[in-house]
file target-v8.cif (mmCIF, C-alpha atoms)
data_model
loop_
_atom_site.label_atom_id
_atom_site.label_comp_id
_atom_site.auth_asym_id
_atom_site.auth_seq_id
_atom_site.Cartn_x
_atom_site.Cartn_y
_atom_site.Cartn_z
CA MET A 29 38.13 -101.11 242.39
CA THR A 30 35.21 -100.34 240.15
CA ARG A 31 35.53 -97.58 237.62
CA GLY A 32 33.22 -95.80 235.26
CA PRO A 33 33.69 -95.93 231.51
CA LEU A 34 37.24 -95.27 230.32
CA PHE A 35 37.86 -91.69 229.26
CA HIS A 36 39.41 -92.67 225.94
CA GLU A 37 36.39 -94.79 225.03
CA GLN A 38 33.80 -92.06 225.67
CA THR A 39 32.35 -89.81 222.99
CA ALA A 40 33.02 -86.07 223.01
CA ARG A 41 29.61 -85.29 224.54
CA GLN A 42 29.97 -88.03 227.15
CA ARG A 43 33.39 -86.69 228.12
CA ILE A 44 32.00 -83.20 228.62
CA ALA A 45 29.04 -84.47 230.65
CA ALA A 46 31.37 -86.52 232.87
CA VAL A 47 33.95 -83.78 233.42
CA VAL A 48 31.67 -80.80 234.24
CA ASP A 49 29.30 -80.26 237.17
CA ARG A 50 26.17 -82.29 236.58
CA GLY A 51 23.85 -80.67 234.05
CA SER A 52 25.86 -77.44 233.89
CA PHE A 53 26.85 -77.71 230.25
CA ASP A 54 25.27 -75.18 227.91
CA GLU A 55 26.24 -75.96 224.33
CA LEU A 56 27.01 -73.08 221.97
CA LEU A 57 26.12 -73.55 218.30
CA PRO A 58 24.48 -76.95 218.98
CA PRO A 59 23.61 -79.45 216.21
CA PRO A 60 20.19 -77.91 215.38
CA GLU A 61 22.05 -74.79 214.17
CA ARG A 62 23.52 -76.99 211.41
CA LEU A 63 26.78 -75.10 211.14
CA THR A 64 28.43 -77.59 208.79
CA SER A 65 31.47 -77.62 206.53
CA PRO A 66 30.90 -75.87 203.21
CA TYR A 67 33.59 -77.96 201.49
CA LEU A 68 33.08 -81.63 202.33
CA ALA A 69 29.94 -82.15 200.22
CA GLN A 70 31.87 -81.19 197.07
CA LEU A 71 34.23 -84.08 197.82
CA GLY A 72 31.45 -86.58 198.46
CA ILE A 73 32.13 -86.67 202.21
CA PRO A 74 29.13 -86.34 204.52
CA VAL A 75 29.09 -83.36 206.90
CA SER A 76 28.49 -83.40 210.65
CA PHE A 77 26.09 -81.06 212.48
CA ASP A 78 28.81 -79.86 214.86
CA ASP A 79 31.71 -80.13 212.37
CA GLY A 80 33.58 -82.39 214.77
CA VAL A 81 33.76 -80.17 217.83
CA VAL A 82 31.36 -79.57 220.72
CA ILE A 83 31.78 -76.18 222.43
CA GLY A 84 30.00 -74.45 225.28
CA ARG A 85 29.89 -73.04 228.80
CA ALA A 86 29.90 -75.11 231.98
CA ARG A 87 31.04 -75.21 235.58
CA ILE A 88 33.73 -77.40 237.12
CA GLY A 89 33.70 -77.50 240.92
CA GLY A 90 31.40 -74.46 240.82
CA LYS A 91 33.85 -72.44 238.71
CA LYS A 92 32.81 -71.13 235.31
CA VAL A 93 34.69 -72.56 232.33
CA TYR A 94 34.51 -72.51 228.57
CA LEU A 95 34.91 -76.00 227.23
CA ALA A 96 35.45 -77.72 223.88
CA ALA A 97 35.66 -81.40 223.01
CA GLN A 98 36.72 -82.70 219.63
CA VAL A 99 34.99 -85.64 217.96
CA GLY A 100 37.77 -87.95 216.83
CA GLN A 101 35.53 -90.30 214.88
CA PHE A 102 34.53 -87.56 212.44
CA VAL A 103 37.41 -87.25 209.91
CA GLY A 104 39.92 -87.91 212.70
CA GLY A 105 38.81 -84.85 214.66
CA ALA A 106 40.53 -82.78 212.02
CA VAL A 107 40.15 -79.01 212.01
CA GLY A 108 38.23 -77.48 209.12
CA GLU A 109 36.99 -73.94 208.69
CA ILE A 110 33.91 -74.21 210.91
CA HIS A 111 35.58 -76.46 213.49
CA GLY A 112 38.47 -73.99 213.74
CA ALA A 113 36.20 -70.95 213.89
CA LYS A 114 34.33 -72.51 216.81
CA LEU A 115 37.62 -73.03 218.67
CA THR A 116 38.84 -69.51 217.91
CA GLY A 117 35.57 -67.99 219.07
CA LEU A 118 35.61 -70.02 222.26
CA PHE A 119 39.11 -68.93 223.29
CA LYS A 120 38.29 -65.32 222.34
CA ALA A 121 35.19 -65.48 224.53
CA ALA A 122 37.33 -66.90 227.33
CA ALA A 123 39.71 -63.93 227.05
CA ARG A 124 36.83 -61.43 226.86
CA ASP A 125 35.03 -62.85 229.90
CA ARG A 126 38.21 -63.80 231.84
CA VAL A 127 36.93 -67.37 232.16
CA PRO A 128 39.28 -70.38 231.98
CA CYS A 129 39.11 -72.42 228.80
CA VAL A 130 39.50 -76.21 228.56
CA LEU A 131 40.04 -78.11 225.32
CA ILE A 132 39.48 -81.87 225.33
CA VAL A 133 41.67 -82.83 222.40
CA GLU A 134 41.12 -85.63 219.93
CA SER A 135 42.56 -84.56 216.60
CA GLY A 136 45.19 -85.29 213.99
CA GLY A 137 45.46 -81.61 213.11
CA VAL A 138 44.29 -79.69 210.07
CA ARG A 139 41.61 -81.22 207.85
CA LEU A 140 43.48 -81.58 204.58
CA HIS A 141 40.24 -81.32 202.55
CA GLU A 142 40.02 -77.68 203.60
CA GLY A 143 43.74 -77.10 204.09
CA SER A 144 44.28 -73.34 204.07
CA ALA A 145 41.07 -72.58 205.95
CA GLY A 146 42.06 -75.10 208.64
CA GLU A 147 45.64 -73.79 208.90
CA ILE A 148 44.43 -70.22 209.27
CA ALA A 149 41.84 -71.27 211.84
CA ILE A 150 44.49 -72.99 213.96
CA ALA A 151 46.78 -69.95 213.76
CA GLU A 152 43.89 -67.72 214.84
CA THR A 153 43.07 -70.03 217.72
CA MET A 154 46.71 -69.90 218.87
CA ARG A 155 46.52 -66.11 218.82
CA ALA A 156 43.36 -66.29 220.94
CA ILE A 157 45.12 -68.66 223.36
CA PHE A 158 47.97 -66.19 223.78
CA GLU A 159 45.40 -63.44 224.33
CA CYS A 160 44.11 -65.56 227.23
CA ARG A 161 47.60 -66.14 228.56
CA ALA A 162 48.49 -62.46 228.43
CA LEU A 163 45.42 -61.80 230.59
CA LYS A 164 46.32 -64.70 232.96
CA VAL A 165 43.19 -66.59 231.92
CA PRO A 166 44.08 -70.28 232.32
CA THR A 167 43.99 -72.46 229.22
CA ILE A 168 44.15 -76.22 229.61
CA ALA A 169 44.46 -78.99 227.01
CA VAL A 170 43.30 -82.47 227.99
CA ILE A 171 44.98 -85.17 225.92
CA GLY A 172 43.66 -88.61 226.71
CA THR A 173 42.62 -90.41 223.55
CA ASP A 174 44.26 -92.81 221.12
CA ILE A 175 44.09 -90.28 218.31
CA GLY A 176 45.82 -87.82 220.61
CA ALA A 177 47.04 -84.38 219.61
CA TYR A 178 49.03 -84.16 216.39
CA GLY A 179 49.84 -81.66 213.69
CA GLY A 180 48.46 -78.19 214.25
CA ILE A 181 46.49 -79.38 217.25
CA GLY A 182 49.68 -80.79 218.78
CA ILE A 183 51.23 -77.32 218.49
CA LEU A 184 48.06 -75.65 219.70
CA SER A 185 47.98 -77.91 222.77
CA THR A 186 51.48 -76.88 223.72
CA CYS A 187 50.44 -73.22 223.43
CA CYS A 188 48.03 -73.70 226.35
CA ASP A 189 49.18 -72.99 229.92
CA PHE A 190 48.82 -76.61 230.98
CA ARG A 191 48.35 -80.10 229.60
CA VAL A 192 46.54 -82.88 231.43
CA MET A 193 47.34 -86.28 229.94
CA THR A 194 46.46 -89.89 230.49
CA GLU A 195 48.62 -92.85 229.60
CA HIS A 196 46.49 -93.21 226.44
CA GLY A 197 47.08 -89.68 225.25
CA ARG A 198 49.68 -88.93 222.62
CA LEU A 199 51.21 -85.59 221.79
CA GLY A 200 53.38 -84.74 218.82
CA ILE A 201 53.67 -82.88 215.53
CA SER A 202 54.05 -85.51 212.80
CA GLY A 203 52.07 -88.68 213.45
CA PRO A 204 53.83 -92.07 213.60
CA ILE A 205 52.74 -93.12 210.09
CA VAL A 206 53.92 -89.83 208.62
CA ILE A 207 57.33 -90.21 210.28
CA GLU A 208 57.60 -93.77 208.99
CA LYS A 209 56.68 -92.66 205.44
CA TRP A 210 59.44 -90.03 205.41
CA MET A 211 62.18 -91.69 207.46
CA GLY A 212 61.60 -95.36 206.64
CA LYS A 213 60.45 -98.28 208.74
CA LYS A 214 63.96 -98.83 210.10
CA ALA A 215 64.10 -95.39 211.63
CA TYR A 216 60.58 -95.43 213.04
CA ASP A 217 58.21 -98.38 212.94
CA SER A 218 54.69 -96.99 213.35
CA SER A 219 53.24 -100.47 214.03
CA ASN A 220 55.46 -100.79 217.12
CA ARG A 221 52.98 -99.50 219.69
CA ALA A 222 55.51 -99.57 222.53
CA LEU A 223 57.83 -97.36 220.51
CA VAL A 224 55.03 -94.99 219.47
CA TRP A 225 53.74 -94.55 223.03
CA LYS A 226 57.24 -94.32 224.48
CA THR A 227 58.06 -91.45 222.13
CA SER A 228 54.77 -89.53 222.13
CA GLY A 229 52.64 -91.08 224.88
CA GLY A 230 51.45 -89.46 228.10
CA LYS A 231 54.11 -91.03 230.33
CA THR A 232 57.03 -89.78 228.25
CA LYS A 233 55.46 -86.32 227.84
CA TYR A 234 54.96 -86.07 231.60
CA LEU A 235 58.51 -87.22 232.25
CA LEU A 236 59.89 -84.53 229.93
CA GLY A 237 57.73 -81.86 231.51
CA ASP A 238 55.54 -81.36 228.43
CA ALA A 239 52.46 -82.32 230.47
CA GLU A 240 51.69 -80.97 233.94
CA ALA A 241 49.49 -83.86 235.08
CA LEU A 242 49.34 -87.58 234.31
CA VAL A 243 46.09 -89.12 235.52
CA HIS A 244 43.98 -92.28 235.31
CA ASP A 245 42.03 -92.95 232.11
CA ASP A 246 38.87 -91.77 233.84
CA ALA A 247 36.71 -88.64 233.53
CA GLY A 248 36.66 -88.15 237.33
CA ALA A 249 40.46 -88.07 237.45
CA VAL A 250 40.57 -85.66 234.51
CA ARG A 251 38.00 -83.43 236.22
CA GLU A 252 40.06 -83.38 239.41
CA ALA A 253 43.23 -82.48 237.50
CA ILE A 254 41.45 -79.65 235.65
CA GLY A 255 40.02 -78.37 238.93
CA LYS A 256 43.51 -78.07 240.41
CA LEU A 257 44.76 -76.02 237.44
CA LEU A 258 41.81 -73.63 237.05
CA ALA A 259 43.19 -71.04 239.45
CA LYS A 260 46.73 -71.12 238.03
CA SER A 261 48.35 -69.69 234.96
CA SER A 262 51.77 -69.91 233.39
CA PRO A 263 52.80 -66.44 232.23
CA VAL A 264 54.55 -65.97 228.90
CA THR A 265 57.55 -63.82 229.84
CA LEU A 266 60.88 -63.42 228.08
CA LYS A 267 62.57 -65.06 231.07
CA ASN A 268 60.29 -68.10 230.96
CA VAL A 269 60.61 -68.49 227.21
CA LYS A 270 64.41 -68.30 227.41
CA ALA A 271 64.49 -70.86 230.22
CA ARG A 272 62.27 -73.17 228.19
CA GLN A 273 64.50 -72.74 225.14
CA LYS A 274 67.50 -73.71 227.25
CA ASP A 275 65.68 -76.79 228.55
CA LEU A 276 64.88 -77.88 225.01
CA GLU A 277 68.47 -77.33 223.87
CA LYS A 278 69.66 -79.44 226.78
CA ARG A 279 67.14 -82.13 225.90
CA LEU A 280 68.30 -82.22 222.29
CA LYS A 281 71.93 -82.46 223.36
CA ARG A 282 71.26 -85.29 225.81
CA PHE A 283 68.81 -87.37 223.80
CA GLY A 284 69.08 -86.14 220.21
CA LYS A 285 71.28 -89.01 219.09
CA THR A 286 69.63 -91.86 220.96
CA GLY A 287 67.65 -94.47 219.03
CA ASP A 288 66.09 -96.08 222.08
CA PRO A 289 63.30 -94.31 223.98
CA ASP A 290 64.29 -96.26 227.11
CA ASP A 291 67.48 -94.16 227.22
CA VAL A 292 65.30 -91.07 227.57
CA TRP A 293 63.33 -92.64 230.41
CA LYS A 294 66.56 -93.69 232.18
CA GLY A 295 68.14 -90.32 231.53
CA MET A 296 65.13 -88.62 233.10
CA GLY A 297 65.53 -90.66 236.28
CA VAL A 298 63.33 -93.73 235.74
CA ARG A 299 65.22 -96.47 237.56
CA ASP A 300 63.13 -99.50 236.63
CA VAL A 301 61.89 -99.12 233.04
CA ALA A 302 59.97 -102.44 233.01
CA ARG A 303 58.05 -101.54 236.17
CA ALA A 304 57.44 -98.00 234.97
CA SER A 305 56.04 -99.33 231.69
CA LEU A 306 53.38 -101.30 233.56
CA ALA A 307 52.62 -98.61 236.13
CA SER A 308 49.38 -96.64 235.98
CA GLY A 309 49.48 -92.91 235.23
CA PRO A 310 49.57 -91.66 238.83
CA GLU A 311 51.99 -94.43 239.89
CA PHE A 312 54.28 -93.42 237.06
CA ALA A 313 54.01 -89.77 238.07
CA ALA A 314 55.09 -90.69 241.60
CA MET A 315 58.03 -92.71 240.26
CA ALA A 316 59.05 -89.82 238.00
CA LYS A 317 58.97 -87.41 240.94
CA ALA A 318 61.09 -89.78 243.03
CA GLY A 319 63.58 -90.10 240.17
CA ARG A 320 63.96 -86.32 239.87
CA ARG A 321 65.17 -86.01 243.42
CA MET B 27 26.33 -88.14 197.69
CA GLU B 28 22.63 -88.77 197.59
CA LYS B 29 20.03 -86.57 199.23
CA PHE B 30 16.33 -87.07 199.73
CA THR B 31 13.44 -85.89 201.85
CA LYS B 32 10.23 -87.66 202.76
CA ALA B 33 7.54 -87.55 205.43
CA PHE B 34 6.16 -90.76 206.91
CA PRO B 35 2.79 -91.06 208.64
CA SER B 36 3.27 -91.59 212.38
CA LYS B 37 1.20 -91.18 215.55
CA PRO B 38 1.87 -87.84 217.29
CA LEU B 39 4.66 -87.70 219.90
CA LYS B 40 3.16 -88.41 223.32
CA THR B 41 5.19 -86.36 225.75
CA THR B 42 6.02 -82.71 225.59
CA ALA B 43 8.63 -83.16 228.35
CA GLY B 44 12.20 -84.12 227.52
CA LYS B 45 14.53 -82.19 225.28
CA PRO B 46 13.87 -80.02 222.21
CA TRP B 47 16.41 -82.04 220.24
CA ALA B 48 18.56 -85.15 220.55
CA LEU B 49 21.58 -86.50 218.70
CA ALA B 50 22.79 -90.08 218.35
CA GLY B 51 25.81 -91.52 216.58
CA VAL B 52 28.66 -89.89 214.78
CA VAL B 53 29.64 -89.42 211.12
CA GLY B 54 32.34 -92.05 210.78
CA SER B 55 32.95 -94.95 208.42
CA GLY B 56 29.99 -97.36 208.60
CA ASN B 57 28.22 -95.05 211.01
CA LEU B 58 25.79 -92.14 210.91
CA GLU B 59 24.43 -89.34 213.03
CA VAL B 60 20.74 -88.84 213.64
CA LEU B 61 19.32 -85.52 214.83
CA VAL B 62 15.70 -85.61 216.03
CA GLU B 63 13.95 -82.32 216.74
CA ARG B 64 10.52 -81.41 218.02
CA GLY B 65 8.32 -78.92 216.27
CA GLY B 66 8.06 -80.61 212.87
CA ARG B 67 4.80 -80.21 210.94
CA PRO B 68 2.31 -81.77 210.56
CA SER B 69 1.94 -83.49 213.93
CA ASP B 70 0.95 -86.83 212.39
CA ALA B 71 4.07 -87.28 210.28
CA MET B 72 7.78 -87.85 210.80
CA GLU B 73 9.67 -85.54 208.44
CA CYS B 74 12.98 -87.04 207.26
CA HIS B 75 16.00 -85.49 205.54
CA ILE B 76 18.70 -87.94 204.53
CA GLU B 77 22.16 -87.22 203.18
CA THR B 78 24.31 -90.25 202.47
CA SER B 79 27.73 -90.79 200.94
CA ILE B 80 26.61 -94.14 199.47
CA PRO B 81 24.13 -93.66 196.61
CA GLY B 82 21.67 -96.28 195.36
CA TYR B 83 20.02 -97.48 198.55
CA LYS B 84 17.00 -95.18 198.65
CA ALA B 85 14.56 -98.11 198.84
CA SER B 86 16.28 -99.53 201.95
CA TRP B 87 16.32 -96.10 203.60
CA LEU B 88 12.63 -95.52 202.98
CA ALA B 89 11.77 -98.99 204.29
CA ALA B 90 13.81 -98.52 207.51
CA LEU B 91 12.35 -95.06 208.17
CA ALA B 92 8.75 -96.08 207.36
CA ASP B 93 9.12 -99.02 209.75
CA PHE B 94 10.35 -96.76 212.53
CA ALA B 95 7.57 -94.20 211.95
CA HIS B 96 5.06 -97.05 212.09
CA HIS B 97 6.32 -98.55 215.38
CA TYR B 98 7.06 -95.36 217.33
CA PRO B 99 4.80 -92.35 217.86
CA ALA B 100 7.17 -89.90 216.18
CA GLY B 101 4.65 -87.54 214.56
CA GLY B 102 5.68 -83.90 214.75
CA THR B 103 9.40 -84.66 214.74
CA LYS B 104 11.98 -83.68 212.20
CA VAL B 105 14.69 -86.28 211.59
CA THR B 106 17.92 -85.24 209.87
CA ILE B 107 20.56 -87.83 209.05
CA ASN B 108 24.19 -87.52 207.95
CA ASP B 109 25.29 -90.98 206.85
CA GLN B 110 28.64 -92.52 205.98
CA GLY B 111 27.58 -96.00 204.94
CA ALA B 112 25.77 -97.32 208.01
CA PRO B 113 23.98 -100.69 207.62
CA PRO B 114 20.15 -100.66 208.04
CA VAL B 115 20.24 -102.21 211.54
CA LEU B 116 22.47 -99.38 212.72
CA VAL B 117 20.08 -96.83 211.20
CA THR B 118 17.25 -98.31 213.28
CA LEU B 119 19.41 -98.43 216.41
CA ARG B 120 20.50 -94.78 216.11
CA LEU B 121 16.91 -93.68 215.42
CA ARG B 122 15.80 -95.44 218.60
CA GLN B 123 18.67 -93.96 220.63
CA ALA B 124 17.96 -90.43 219.44
CA TYR B 125 14.22 -90.93 219.98
CA ASP B 126 14.80 -92.22 223.53
CA HIS B 127 17.01 -89.25 224.37
CA LEU B 128 14.37 -86.91 222.98
CA VAL B 129 11.41 -88.26 224.96
CA LYS B 130 13.24 -89.21 228.16
CA GLY B 131 15.71 -86.34 228.16
CA SER B 132 18.53 -88.71 229.07
CA LYS B 133 22.06 -88.40 227.75
#
call {"tool": "encode", "arguments": {"input": "target-v8.cif", "output": "structure tokens"}}
result
Amino acid sequence: MTRGPLFHEQTARQRIAAVVDRGSFDELLPPPERLTSPYLAQLGIPVSFDDGVVIGRARIGGKKVYLAAQVGQFVGGAVGEIHGAKLTGLFKAAARDRVPCVLIVESGGVRLHEGSAGEIAIAETMRAIFECRALKVPTIAVIGTDIGAYGGIGILSTCCDFRVMTEHGRLGISGPIVIEKWMGKKAYDSSNRALVWKTSGGKTKYLLGDAEALVHDDAGAVREAIGKLLAKSSPVTLKNVKARQKDLEKRLKRFGKTGDPDDVWKGMGVRDVARASLASGPEFAAMAKAGRR
Amino acid sequence: MEKFTKAFPSKPLKTTAGKPWALAGVVGSGNLEVLVERGGRPSDAMECHIETSIPGYKASWLAALADFAHHYPAGGTKVTINDQGAPPVLVTLRLRQAYDHLVKGSK
């Protein structure tokens, strides 16, 4: 089976071009506008024309969407003042125009060089996301890169209605190296890739219900998954929030003490851990569904 | 940080088709981003604005840019570069990529 370039290897602009209807992307605040970070130069760090995030309007399967893609190679896709303001504005526009909003994530969270500005920007973006959700405007986070979604962006991703992940994607709050620094190498070895992906990778997140779709590492598959979610929304009601809280309490009770991520997989109904480890995203999703029955 | 601006003589851009601007590369370690825009003046010079995190290599920059302006008809373009320590070969490669996107309109 021949495939196009892998989603996690593409650049932010390539990802957008591959996910949307051909030629439909209209970039807002493009590089010639030179909306760059006002802080980085003081620290001797070069700026980027788009401050690490590409935003704009496009169509997916003929449907209008607002779309953002983070540039992981620029300071780890971290959110500074401008980057965050672009995200906030995009989700606000989505709420105003009642148009679904898709965020292709590749970020370690707040840009520490502009700490407070980044924190505030992420909080404002979350507020804008909840504005969308209150209006039943779908918000979707796509997490399919090695950098993944951590820190503030990890939280922000979970604020969206839905998450589309690939096996490569990782979702969490503290990154593996941060956990190791605080808890020690014995508790969490960040160089153990199997451990890292089994605790925060796409497969585990899908298994636990933190991601709604687990797809191939391919822009076409991501596009298809987004297309299926564009007409849906997940309302924030007291009932839903309480049910979710109960789920999380149950999860903590069942798996809170375990030191082996395989126990979580087995506990969630994965019968053959070795086979599941080697399975592709969609194969794994099918196995997980079978295990739930 | 080091910043400098210079215009290099170059034959005028041939096509008016293609895109108004093009971007190549990304600001990452050992990499750079090059933004090429139409509408620079005069039409027989390539106007360059460089910002680099590695000071002390102005001579190499000027040589690489002058060489590009000499070999490609890039007159009437404005080139803006954000650099994080890219080697000269990569500078040339990114210039060519951005230039190709600009004149051919490809992604």
call {"tool": "closest_residue", "arguments": {"input": "target-v8.cif", "among": "A:Lys92, A:Gly197, A:Ile132, A:Tyr234", "to": "Asp49 of chain A", "atoms": "only C-alpha atoms"}}
result
A:Lys92
call {"tool": "closest_residue", "arguments": {"input": "target-v8.cif", "among": "B:Leu58, B:Ala33, B:Leu128, B:Met27", "to": "Leu91 of chain B", "atoms": "only C-alpha atoms"}}
result
B:Ala33
call {"tool": "closest_residue", "arguments": {"input": "target-v8.cif", "among": "B:Glu28, B:Val60, B:Ala92, B:Glu77", "to": "Leu121 of chain B", "atoms": "all atoms listed in the file"}}
result
B:Val60
call {"tool": "closest_residue", "arguments": {"input": "target-v8.cif", "among": "B:Tyr98, B:Lys40, B:Tyr125, B:Gly111", "to": "Ser55 of chain B", "atoms": "all atoms listed in the file"}}
result
B:Gly111
call {"tool": "residues_around", "arguments": {"input": "target-v8.cif", "residues": "segment 167-182 of chain A", "least_positions_apart": "6", "cutoff": "6 Å", "atoms": "only C-alpha atoms", "output": "list in words"}}
result
His36, Pro128, Cys129, Val130, Leu131, Ile132, Val133, Glu134, Ser135, Gly136, Gly137, Cys188, Asp189, Phe190, Arg191, Val192, Met193, Thr194, His196, Gly197, Arg198, Leu199, Gly200, Ile201 and Ser202 of chain A
call {"tool": "resolve_selection", "arguments": {"input": "target-v8.cif", "expression": "the PyMOL selection byres ((chain B and resi 103) around 8)", "output": "PyMOL selection string"}}
result
chain B and resi 39+62-67+69+71-73+100-102+104-105
call {"tool": "write_last_selection", "arguments": {"input": "target-v8.cif", "atoms": "C-alpha atoms", "output": "short mmCIF file (atom, residue, chain, number, x, y, z; two decimals), in the frame of the given file"}}
result
data_model
loop_
_atom_site.label_atom_id
_atom_site.label_comp_id
_atom_site.auth_asym_id
_atom_site.auth_seq_id
_atom_site.Cartn_x
_atom_site.Cartn_y
_atom_site.Cartn_z
CA LEU B 39 4.66 -87.70 219.90
CA VAL B 62 15.70 -85.61 216.03
CA GLU B 63 13.95 -82.32 216.74
CA ARG B 64 10.52 -81.41 218.02
CA GLY B 65 8.32 -78.92 216.27
CA GLY B 66 8.06 -80.61 212.87
CA ARG B 67 4.80 -80.21 210.94
CA SER B 69 1.94 -83.49 213.93
CA ALA B 71 4.07 -87.28 210.28
CA MET B 72 7.78 -87.85 210.80
CA GLU B 73 9.67 -85.54 208.44
CA ALA B 100 7.17 -89.90 216.18
CA GLY B 101 4.65 -87.54 214.56
CA GLY B 102 5.68 -83.90 214.75
CA LYS B 104 11.98 -83.68 212.20
CA VAL B 105 14.69 -86.28 211.59
#
